[in-house]
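Right, one structure below, let's go through it.
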Amino acid sequence: MKNKSGQLTLSNITKVFGNGSEKVVAVDNFNLTIEPGEFVTLLGPSGCGKTTTLRIIAGFETPTSGEITLDKKDLKNLTADKRPMGMVFQSYALFPHMSVFDNVAYGLRVQHLSKEIISQKVAEVLETMSLSHLATRAPNQLSGGQQQRVALARAMVVQPKVLLFDEPLSNLDAKLRAQMRIEIRRIQQKLGITSVFVTHDQDEAMSLSDRIVVMRNAVVEQSGTPDEIYRRPNSVFVADFIGRSNFFKVDKVSSGKGDKVKVLVNNEELEVAAHPLAHKSKTPVLLVRPESIQVKAATVKKSDGIVSNVVFYGNHVEYSVTTSYGEITAIESDPIYDQIVKPGNHAILEFDPSRTWLLPSSGEIIREE
Amino acid sequence: MAIRRQSAKLDVFTKIAIAVLVLILSVLIVIPVGNVLYKSFQPGGIEVLRNVYDNDYTRQIIYNTVWLGISVGAIGTAIGFLLAYIQVRVNFRGKKLLHILSLLPLVSPPFAFATAVIVLFGRAGIISNGIFDKQPMIYGYKGLILVLSISYFPVAYMNLLGMLRSLDPAVDEAARSLGASKFKIFITVTIPLLIPGIAASFLLLFVEAIADLANPLVIGGDYTVLASRAYIAISGEYNIAGGAAYSTILLIPALLVFIIQRYWSQRADVVTVTGKPSGQIEYIRTPLARYSLLAMAWSIVAFVILIYSMVIMGSFFKVLKVDYSLTLDNYRYIFSGVGNSAILTTTMLALLATPIAGVLGMMLAWVIVRKIKRGGQVLDFFGMLGLALPGTVLGIGYAFTFNSPIQIFGITILPQLAGGGAILGGAMAIVMVYVIRSSPAGQRSGIANLQQIDPSIDEASASLGASGGRTFRKISLPLIRGAFLTGLMFAFARSMTTLSPIIFITTPDTPILTSLILAEADTVRYGNAFAFCTLLIAIVLVTMGLINLLVNKTQQAGYQPIAVSAG
């Protein structure tokens, strides 16, 4: 059963804290439309304005300017408690003086539902989250993962139109985090609730989202599907922030057909996919992801560079290769140990030009309009 | 996230709450104090203010007051620090007992001490004359610092105990592993970390000392201070404006200290103590240090016990210093006539004021911490003023303001609340004084507690649809309930034992215990005074015990609050 409502629109949202010389622009002209049932992640380094944006949506902050609507209805005059949204906090914010049951029932009691309906609904959601056996426990008797699930259950049980997540997984250990990612995604898809998720963890963003909004210094750097963000980043910043990157200096760009251009890299002509504005850049760079590069042992004559470091992880091996165009990282999965090129040896680097992306160099950030 | 401020729109409940709080603070503190300032510039007062420049006698009074404040601040803080340090850093039997005895002076009417000290050490005193056969100068400066230091050191003790306990032992361990000796650590780590607490204690005691009225009247002798001078001006010379002017002069150092302290504590937040202790406290084991510290501590509390015993025993003696046969006459006297009704009235009014003060303090704390960004400082300032102001100033302000109906454009806004012929025999004004005097304790502990609770918890409640009022009732209040009840306990003790603001507004219709005790002590009927004091202490202790029971019960019933904070 999918919700058809829950379209969230933010137009020209700007938030300025303080005034005078202490003025801090936390969010600068933020625009975003989130479709009903969509899972959108706000991703960026700390201080980029993602949490502020989320708190504006929730109603905990008032935007300095701009408009925010839910299903075409203006939210300006609705305080946080009047907005049909549920929020999961970084610290979980469970009420420490209430049992798990009472925590989850809180929002329903606010709505003055009958006792029977409340018990039934709470029981249901606890069942879904496999928390039924913990109903009478106090929050401080729960593990981090359990607290997290209670927080999620508490936000979901009131059937909000929008679910907001403020870095909810950052206090969990790596294994639990991966597990909760899957669980959150599963439940969100099942209920079809519009969701906004704030994180600085790219793995979370990639694995959870229908769409990722990358923020930096209060502005949106890029918004797109995980594949777009990873394969076709707008800027060096985005490419660097999501996954790992090698940037090759490009000597010459000649425009080609469609979005393909011909470039000269290390005296080799390649046909590569390019950002629409890349050919306008004075110094465009070619993005090649480490996993796209194969490292092969080579003789001195045919060498691209010398292997400076090798780290063996079992499931993959990571090379650092010193070349005439800089330090290049390459990752080979499922390596055969005996065939790994040892440090100090010469190597050639090979990659498929169709797996690369030409983009403007840093300092020439091109924004989505 | 770095930027986290409350700047969302306020809901209706919060808006109404703020309006009500502003109104209450205006009536209870702003207007009365404003009135004192206004009156002190009227004829009779303006002369006094002028005297500050050219009259040696007035200047001597100011000097006396400040010197007394500094002495008591230093000595009281030193005693408090010694006792707190031993409590945390020395392992010994009877620790709990020492703790309770260290807090004992909190629950006494201060002039019980003065009276007891006079009987023990004064002219023809039991110890001074009876044992040492001397006539020491107990009246005046020496007697005052003795009595005031003993009366107020528990304030410093509690302050420093909390700080010492929350010092991270890992810091000590770090210094130790770098090769510092224990004494070196004490000098270079412990003391510097406690400087804000020591300074805060000193300032608190300074204000208590300069504001005290009862002791200077009983034991001050020729050592006149501003508070007693103001009292004499009003009740002896009928120079109301003059009394106001002395109060205004007293107001200046009190306010100054209050402001310095606020500035200090705001800065201190950043540096001082943090979270959970991570290491083990290392106790002091050197016998010399251990025993000399313990000897000092036990002598101090022994003195406290001596004074308390004097108060209690004194209430059973026929005529002190003359006839030591045991009798219940003193009690027969106080339970007859005016004494009887004073006991009842005082207890009732204090009981009435206590919960009001508690709720007021907590509401203020909640609004200040959670709801408003700008203006919170102002609200906090005026809320705390009730405690920071000398009681004399407050009492005189109340007398001026509420001794006649308050009218605006000829319409009576408030009927006469204080003085003879006031409604309810002036009981209203007394309750108001109790409330404004006690609510700061609740406000302070409420703020401290709320600041430890993750704001997300309030926000979670709001995001689940709860209004501001519901969030306050169901989330914030239960979480600070322990602090709330403890606050109530001290509020009650304070109300029962307060004198200086009451003395200016009490009427024959509503006799108040503390002013009756002063009257008895003033007329050297010490037996009666001691009987009153004993009874007062008993009432306070019993009530505190009951509240304590309630605290323990609610804490067992509810879930223990856990420390929650954003990661």
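Residues in the structure tokens are named by chain (A, B, ... in the order shown) and by number from 1 within that chain; ligands are numbered from 1 in the order shown.
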
Query - Residue contacts of Leu152 (chain A) (9 Å, only C-alpha atoms) excluding same-chain residues fewer than 4 positions away, as an NGL selection string - result: :A and (86-88 or 92 or 129 or 147-148 or 156-157 or 184)

Limited to N, CA and C atoms, could you put the picked residues into a file as a compact mmCIF listing (two decimals), in the first residue's frame?
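And here is the file that came out, out-v7.txt:
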```txt
# COMPACT_ATOMS: atom_id res chain seq x y z
N GLY A 86 7.53 12.58 11.21
CA GLY A 86 8.17 11.86 12.31
C GLY A 86 9.66 12.03 12.17
N MET A 87 10.34 12.12 13.30
CA MET A 87 11.78 12.34 13.22
C MET A 87 12.53 11.32 14.06
N VAL A 88 13.63 10.85 13.50
CA VAL A 88 14.52 9.96 14.25
C VAL A 88 15.81 10.73 14.49
N TYR A 92 18.81 9.45 19.36
CA TYR A 92 17.54 8.70 19.55
C TYR A 92 16.52 9.48 20.34
N MET A 129 9.30 -4.34 14.22
CA MET A 129 10.69 -4.00 14.50
C MET A 129 11.35 -5.06 15.39
N GLN A 147 17.73 0.66 20.91
CA GLN A 147 17.25 2.03 21.11
C GLN A 147 16.91 2.67 19.78
N GLN A 148 17.77 2.41 18.81
CA GLN A 148 17.57 2.94 17.47
C GLN A 148 16.24 2.46 16.89
N MET A 156 7.42 6.09 13.44
CA MET A 156 6.57 5.50 12.39
C MET A 156 5.14 5.29 12.82
N VAL A 157 4.95 5.01 14.11
CA VAL A 157 3.65 4.54 14.56
C VAL A 157 2.55 5.58 14.34
N ILE A 184 15.93 -0.11 7.54
CA ILE A 184 15.25 1.16 7.29
C ILE A 184 14.73 1.21 5.86
```

Query raised in the report: Please, which residues of region 196-238 of chain B, numbered as in this document, come out helix (DSSP H, G or I) from DSSP, as an MDAnalysis selection string?
Result: chainID B and resid 196:211 214:219 226:235

Export, as a compact mmCIF listing (two decimals), in the first residue's frame, the selected residues with N, CA and C atoms.
```
# COMPACT_ATOMS: atom_id res chain seq x y z
N PRO B 196 36.88 28.51 39.52
CA PRO B 196 35.54 29.08 39.32
C PRO B 196 34.61 28.76 40.48
N GLY B 197 34.69 27.55 41.00
CA GLY B 197 33.83 27.16 42.11
C GLY B 197 34.18 27.89 43.39
N ILE B 198 35.47 28.05 43.61
CA ILE B 198 35.91 28.77 44.81
C ILE B 198 35.46 30.22 44.73
N ALA B 199 35.64 30.80 43.57
CA ALA B 199 35.24 32.20 43.39
C ALA B 199 33.73 32.34 43.57
N ALA B 200 32.99 31.40 42.99
CA ALA B 200 31.53 31.47 43.09
C ALA B 200 31.10 31.36 44.54
N SER B 201 31.73 30.45 45.28
CA SER B 201 31.38 30.29 46.70
C SER B 201 31.69 31.55 47.48
N PHE B 202 32.86 32.10 47.23
CA PHE B 202 33.25 33.32 47.92
C PHE B 202 32.21 34.41 47.70
N LEU B 203 31.81 34.57 46.44
CA LEU B 203 30.86 35.63 46.12
C LEU B 203 29.50 35.38 46.77
N LEU B 204 29.07 34.12 46.74
CA LEU B 204 27.79 33.78 47.37
C LEU B 204 27.81 34.13 48.85
N LEU B 205 28.89 33.74 49.51
CA LEU B 205 28.99 34.01 50.95
C LEU B 205 29.12 35.51 51.22
N PHE B 206 29.83 36.18 50.34
CA PHE B 206 29.97 37.63 50.46
C PHE B 206 28.59 38.28 50.51
N VAL B 207 27.76 37.90 49.55
CA VAL B 207 26.43 38.50 49.48
C VAL B 207 25.58 38.12 50.69
N GLU B 208 25.64 36.85 51.07
CA GLU B 208 24.88 36.42 52.26
C GLU B 208 25.30 37.24 53.48
N ALA B 209 26.60 37.44 53.61
CA ALA B 209 27.12 38.12 54.79
C ALA B 209 26.71 39.59 54.82
N ILE B 210 26.84 40.27 53.69
CA ILE B 210 26.51 41.70 53.73
C ILE B 210 25.01 41.91 53.83
N ALA B 211 24.22 40.90 53.40
CA ALA B 211 22.78 41.07 53.42
C ALA B 211 22.18 40.68 54.77
N ALA B 214 19.78 39.70 60.84
CA ALA B 214 19.53 39.18 62.18
C ALA B 214 20.78 39.20 63.04
N ASN B 215 21.88 38.71 62.52
CA ASN B 215 23.09 38.61 63.34
C ASN B 215 23.67 39.96 63.74
N PRO B 216 23.78 40.90 62.81
CA PRO B 216 24.25 42.23 63.24
C PRO B 216 23.37 42.83 64.33
N LEU B 217 22.07 42.55 64.28
CA LEU B 217 21.20 43.11 65.32
C LEU B 217 21.47 42.46 66.67
N VAL B 218 21.73 41.16 66.67
CA VAL B 218 21.86 40.43 67.93
C VAL B 218 23.27 40.52 68.49
N ILE B 219 24.26 40.35 67.62
CA ILE B 219 25.64 40.21 68.11
C ILE B 219 26.56 41.30 67.58
N LEU B 226 25.32 48.05 56.80
CA LEU B 226 24.25 48.71 56.05
C LEU B 226 22.88 48.12 56.36
N ALA B 227 22.80 46.78 56.44
CA ALA B 227 21.50 46.15 56.65
C ALA B 227 20.91 46.58 57.99
N SER B 228 21.74 46.56 59.04
CA SER B 228 21.18 46.92 60.34
C SER B 228 20.90 48.42 60.40
N ARG B 229 21.73 49.21 59.70
CA ARG B 229 21.50 50.65 59.67
C ARG B 229 20.17 50.97 58.99
N ALA B 230 19.88 50.27 57.91
CA ALA B 230 18.62 50.50 57.20
C ALA B 230 17.44 50.15 58.09
N TYR B 231 17.59 49.05 58.84
CA TYR B 231 16.52 48.61 59.72
C TYR B 231 16.27 49.64 60.81
N ILE B 232 17.38 50.14 61.37
CA ILE B 232 17.24 51.14 62.43
C ILE B 232 16.60 52.42 61.89
N ALA B 233 17.01 52.80 60.68
CA ALA B 233 16.45 54.02 60.08
C ALA B 233 14.93 53.92 59.98
N ILE B 234 14.45 52.75 59.57
CA ILE B 234 13.02 52.61 59.35
C ILE B 234 12.27 52.37 60.65
N SER B 235 12.74 51.42 61.46
CA SER B 235 11.95 51.06 62.63
C SER B 235 12.26 51.94 63.84
```

Closest-contact table, chain A side, partner chain B, 8 Å, counting only C-alpha atoms, as a Markdown table:
```
| residue | atom | partner | partner_atom | distance |
| --- | --- | --- | --- | --- |
| A:Ser46 | CA | B:Met1 | CA | 6.7 |
| A:Gly47 | CA | B:Met1 | CA | 6.5 |
| A:Thr51 | CA | B:Met1 | CA | 7.0 |
| A:Thr52 | CA | B:Ile3 | CA | 7.9 |
| A:Ala58 | CA | B:Ser463 | CA | 7.2 |
| A:Gly59 | CA | B:Ala8 | CA | 6.4 |
| A:Phe60 | CA | B:Ala8 | CA | 4.8 |
| A:Glu61 | CA | B:Ala8 | CA | 4.4 |
| A:Thr62 | CA | B:Ala8 | CA | 5.2 |
| A:Thr79 | CA | B:Lys9 | CA | 6.2 |
| A:Ala80 | CA | B:Ser463 | CA | 5.6 |
| A:Asp81 | CA | B:Gly465 | CA | 3.9 |
| A:Lys82 | CA | B:Gly465 | CA | 5.9 |
| A:Arg83 | CA | B:Ser463 | CA | 7.3 |
| A:Pro84 | CA | B:Gly465 | CA | 7.9 |
| A:Met85 | CA | B:Ser463 | CA | 6.5 |
| A:Gly86 | CA | B:Ser463 | CA | 5.9 |
| A:Met87 | CA | B:Ser463 | CA | 6.4 |
| A:Val88 | CA | B:Ala460 | CA | 7.8 |
| A:Phe89 | CA | B:Ser456 | CA | 6.8 |
| A:Gln90 | CA | B:Ala566 | CA | 6.5 |
| A:Ser91 | CA | B:Ala566 | CA | 4.8 |
| A:Tyr92 | CA | B:Ser456 | CA | 7.9 |
| A:Ala93 | CA | B:Ile457 | CA | 4.5 |
| A:Leu94 | CA | B:Ile457 | CA | 6.4 |
| A:Phe95 | CA | B:Ile457 | CA | 6.4 |
| A:Pro96 | CA | B:Pro561 | CA | 5.2 |
| A:His97 | CA | B:Tyr559 | CA | 4.6 |
| A:Met98 | CA | B:Tyr559 | CA | 6.5 |
| A:Ser99 | CA | B:Tyr559 | CA | 7.8 |
| A:Tyr106 | CA | B:Leu464 | CA | 7.5 |
| A:Gly107 | CA | B:Leu464 | CA | 4.8 |
| A:Val110 | CA | B:Ala466 | CA | 5.8 |
| A:Gln111 | CA | B:Gly465 | CA | 7.7 |
| A:Ala138 | CA | B:Tyr559 | CA | 6.6 |
| A:Asn140 | CA | B:Ile562 | CA | 6.4 |
| A:Ala155 | CA | B:Leu464 | CA | 7.1 |
| A:Val158 | CA | B:Leu464 | CA | 7.4 |
| A:Asn171 | CA | B:Gly567 | CA | 6.8 |
```

Selection from above, N, CA and C atoms, as a CSV table (one decimal), in the first residue's frame, can you write it?
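Output file out_24.csv follows:
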```
chain,number,residue,atom,x,y,z
A,46,SER,N,30.5,17.8,7.7
A,46,SER,CA,29.8,18.5,8.8
A,46,SER,C,29.9,20.0,8.6
A,47,GLY,N,28.9,20.7,9.0
A,47,GLY,CA,28.8,22.1,8.8
A,47,GLY,C,28.3,22.6,7.5
A,51,THR,N,21.9,19.3,8.3
A,51,THR,CA,21.1,19.2,9.5
A,51,THR,C,20.1,20.4,9.7
A,52,THR,N,20.7,21.6,9.4
A,52,THR,CA,19.8,22.7,9.5
A,52,THR,C,18.6,22.6,8.5
A,58,ALA,N,11.5,20.0,9.7
A,58,ALA,CA,10.8,19.5,10.8
A,58,ALA,C,10.0,20.6,11.6
A,59,GLY,N,10.5,21.8,11.4
A,59,GLY,CA,9.9,23.0,12.1
A,59,GLY,C,10.6,23.4,13.3
A,60,PHE,N,11.8,22.9,13.5
A,60,PHE,CA,12.6,23.3,14.7
A,60,PHE,C,13.4,24.5,14.4
A,61,GLU,N,13.5,24.9,13.2
A,61,GLU,CA,14.2,26.1,12.8
A,61,GLU,C,13.2,26.8,11.8
A,62,THR,N,13.2,28.2,11.9
A,62,THR,CA,12.4,28.9,11.0
A,62,THR,C,13.4,29.5,9.9
A,79,THR,N,3.8,24.9,13.6
A,79,THR,CA,4.9,24.6,14.5
A,79,THR,C,5.2,23.1,14.3
A,80,ALA,N,6.3,22.7,14.9
A,80,ALA,CA,6.8,21.3,14.7
A,80,ALA,C,5.7,20.3,15.1
A,81,ASP,N,5.0,20.6,16.2
A,81,ASP,CA,4.0,19.6,16.7
A,81,ASP,C,2.8,19.5,15.8
A,82,LYS,N,2.6,20.5,14.9
A,82,LYS,CA,1.5,20.5,14.0
A,82,LYS,C,1.8,19.8,12.6
A,83,ARG,N,3.1,19.6,12.4
A,83,ARG,CA,3.5,19.0,11.1
A,83,ARG,C,3.4,17.5,11.1
A,84,PRO,N,2.8,16.9,10.0
A,84,PRO,CA,2.6,15.5,10.0
A,84,PRO,C,4.0,14.8,9.7
A,85,MET,N,4.9,14.9,10.5
A,85,MET,CA,6.2,14.4,10.2
A,85,MET,C,6.7,13.6,11.5
A,86,GLY,N,7.5,12.6,11.2
A,86,GLY,CA,8.2,11.9,12.3
A,86,GLY,C,9.7,12.0,12.2
A,87,MET,N,10.3,12.1,13.3
A,87,MET,CA,11.8,12.3,13.2
A,87,MET,C,12.5,11.3,14.1
A,88,VAL,N,13.6,10.9,13.5
A,88,VAL,CA,14.5,10.0,14.2
A,88,VAL,C,15.8,10.7,14.5
A,89,PHE,N,16.2,10.9,15.8
A,89,PHE,CA,17.3,11.7,16.1
A,89,PHE,C,18.6,11.0,16.2
A,90,GLN,N,19.7,11.7,16.1
A,90,GLN,CA,21.0,11.1,16.2
A,90,GLN,C,21.2,10.4,17.5
A,91,SER,N,20.7,11.1,18.6
A,91,SER,CA,20.9,10.6,19.9
A,91,SER,C,19.7,9.7,20.3
A,92,TYR,N,18.8,9.4,19.4
A,92,TYR,CA,17.5,8.7,19.5
A,92,TYR,C,16.5,9.5,20.3
A,93,ALA,N,17.0,10.2,21.3
A,93,ALA,CA,16.1,11.1,22.1
A,93,ALA,C,14.9,10.3,22.7
A,94,LEU,N,15.1,9.1,23.1
A,94,LEU,CA,14.1,8.3,23.8
A,94,LEU,C,13.8,9.0,25.1
A,95,PHE,N,12.5,9.0,25.6
A,95,PHE,CA,12.2,9.5,26.8
A,95,PHE,C,12.7,8.6,27.9
A,96,PRO,N,13.7,9.0,28.7
A,96,PRO,CA,14.3,8.1,29.6
A,96,PRO,C,13.5,7.6,30.8
A,97,HIS,N,12.4,8.3,31.0
A,97,HIS,CA,11.5,8.0,32.2
A,97,HIS,C,10.3,7.1,31.7
A,98,MET,N,10.3,6.7,30.5
A,98,MET,CA,9.2,5.9,30.0
A,98,MET,C,9.7,4.6,29.5
A,99,SER,N,8.9,3.6,29.6
A,99,SER,CA,9.2,2.3,29.0
A,99,SER,C,9.2,2.3,27.5
A,106,TYR,N,3.5,7.3,22.9
A,106,TYR,CA,3.5,8.7,23.2
A,106,TYR,C,2.7,9.5,22.1
A,107,GLY,N,3.1,9.4,20.9
A,107,GLY,CA,2.5,10.1,19.8
A,107,GLY,C,1.0,9.8,19.6
A,110,VAL,N,-1.0,11.5,22.3
A,110,VAL,CA,-1.2,12.9,22.0
A,110,VAL,C,-2.4,13.1,21.1
A,111,GLN,N,-2.6,12.1,20.3
A,111,GLN,CA,-3.8,12.1,19.4
A,111,GLN,C,-5.1,11.7,20.0
A,138,ALA,N,13.2,-0.2,30.1
A,138,ALA,CA,13.5,1.2,30.1
A,138,ALA,C,14.5,1.4,29.0
A,140,ASN,N,17.4,2.8,29.0
A,140,ASN,CA,18.8,2.6,29.3
A,140,ASN,C,19.1,1.1,29.6
A,155,ALA,N,8.7,7.0,15.8
A,155,ALA,CA,8.4,7.9,14.7
A,155,ALA,C,7.4,7.4,13.7
A,158,VAL,N,2.9,6.8,14.3
A,158,VAL,CA,1.9,7.9,14.1
A,158,VAL,C,1.6,8.1,12.6
A,171,ASN,N,25.8,6.5,15.8
A,171,ASN,CA,26.2,6.0,17.1
A,171,ASN,C,26.3,4.5,17.1
```

Query raised in the report: Neighbours of Cys48 (chain A) within 7 Å (only C-alpha atoms; same-chain residues fewer than 5 positions away dropped), as a PyMOL selection string?
Result: chain A and resi 215-218

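CA of Lys182 (chain B) lies 16.2 Å from CA of Tyr291 (chain B).
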
Report task. Write down as an MDAnalysis selection string the residues of region 12-148 of chain A whose backbone DSSP state falls under strand (DSSP E or B). Result -> chainID A and resid 12:17 24:34 39:43 65:70 73:74 85:88

What does the file look like for those residues with C-alpha atoms, as a PDB file, in the first residue's frame?
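So the final result, stored in out22.pdb, reads:
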```
ATOM      1  CA  ASN A  12      14.659  29.203  -2.117  1.00  0.00           C
ATOM      2  CA  ILE A  13      15.207  28.225   1.515  1.00  0.00           C
ATOM      3  CA  THR A  14      17.866  30.361   3.166  1.00  0.00           C
ATOM      4  CA  LYS A  15      18.844  30.252   6.820  1.00  0.00           C
ATOM      5  CA  VAL A  16      21.122  32.793   8.426  1.00  0.00           C
ATOM      6  CA  PHE A  17      22.203  32.454  12.063  1.00  0.00           C
ATOM      7  CA  VAL A  24      26.639  32.508   9.477  1.00  0.00           C
ATOM      8  CA  VAL A  25      24.781  31.416   6.373  1.00  0.00           C
ATOM      9  CA  ALA A  26      23.841  27.833   7.160  1.00  0.00           C
ATOM     10  CA  VAL A  27      21.645  27.184   4.141  1.00  0.00           C
ATOM     11  CA  ASP A  28      21.827  29.247   0.994  1.00  0.00           C
ATOM     12  CA  ASN A  29      18.965  29.236  -1.491  1.00  0.00           C
ATOM     13  CA  PHE A  30      18.069  25.580  -1.190  1.00  0.00           C
ATOM     14  CA  ASN A  31      15.639  24.134  -3.729  1.00  0.00           C
ATOM     15  CA  LEU A  32      14.308  20.604  -3.724  1.00  0.00           C
ATOM     16  CA  THR A  33      11.145  18.733  -4.546  1.00  0.00           C
ATOM     17  CA  ILE A  34      10.747  15.326  -3.010  1.00  0.00           C
ATOM     18  CA  PHE A  39      13.905   8.460  -0.173  1.00  0.00           C
ATOM     19  CA  VAL A  40      16.205  11.463  -0.388  1.00  0.00           C
ATOM     20  CA  THR A  41      19.509  11.753   1.413  1.00  0.00           C
ATOM     21  CA  LEU A  42      21.212  15.024   2.273  1.00  0.00           C
ATOM     22  CA  LEU A  43      24.899  14.241   2.188  1.00  0.00           C
ATOM     23  CA  SER A  65      13.522  33.247   3.742  1.00  0.00           C
ATOM     24  CA  GLY A  66      11.981  30.804   1.348  1.00  0.00           C
ATOM     25  CA  GLU A  67       8.968  28.563   1.271  1.00  0.00           C
ATOM     26  CA  ILE A  68       8.305  25.018   2.269  1.00  0.00           C
ATOM     27  CA  THR A  69       5.186  23.099   1.302  1.00  0.00           C
ATOM     28  CA  LEU A  70       3.797  19.634   1.897  1.00  0.00           C
ATOM     29  CA  LYS A  73       0.149  23.272   1.573  1.00  0.00           C
ATOM     30  CA  ASP A  74       2.344  25.984   3.032  1.00  0.00           C
ATOM     31  CA  MET A  85       6.238  14.350  10.237  1.00  0.00           C
ATOM     32  CA  GLY A  86       8.170  11.865  12.307  1.00  0.00           C
ATOM     33  CA  MET A  87      11.775  12.345  13.221  1.00  0.00           C
ATOM     34  CA  VAL A  88      14.520   9.959  14.250  1.00  0.00           C
TER      35      VAL A  88
END
```
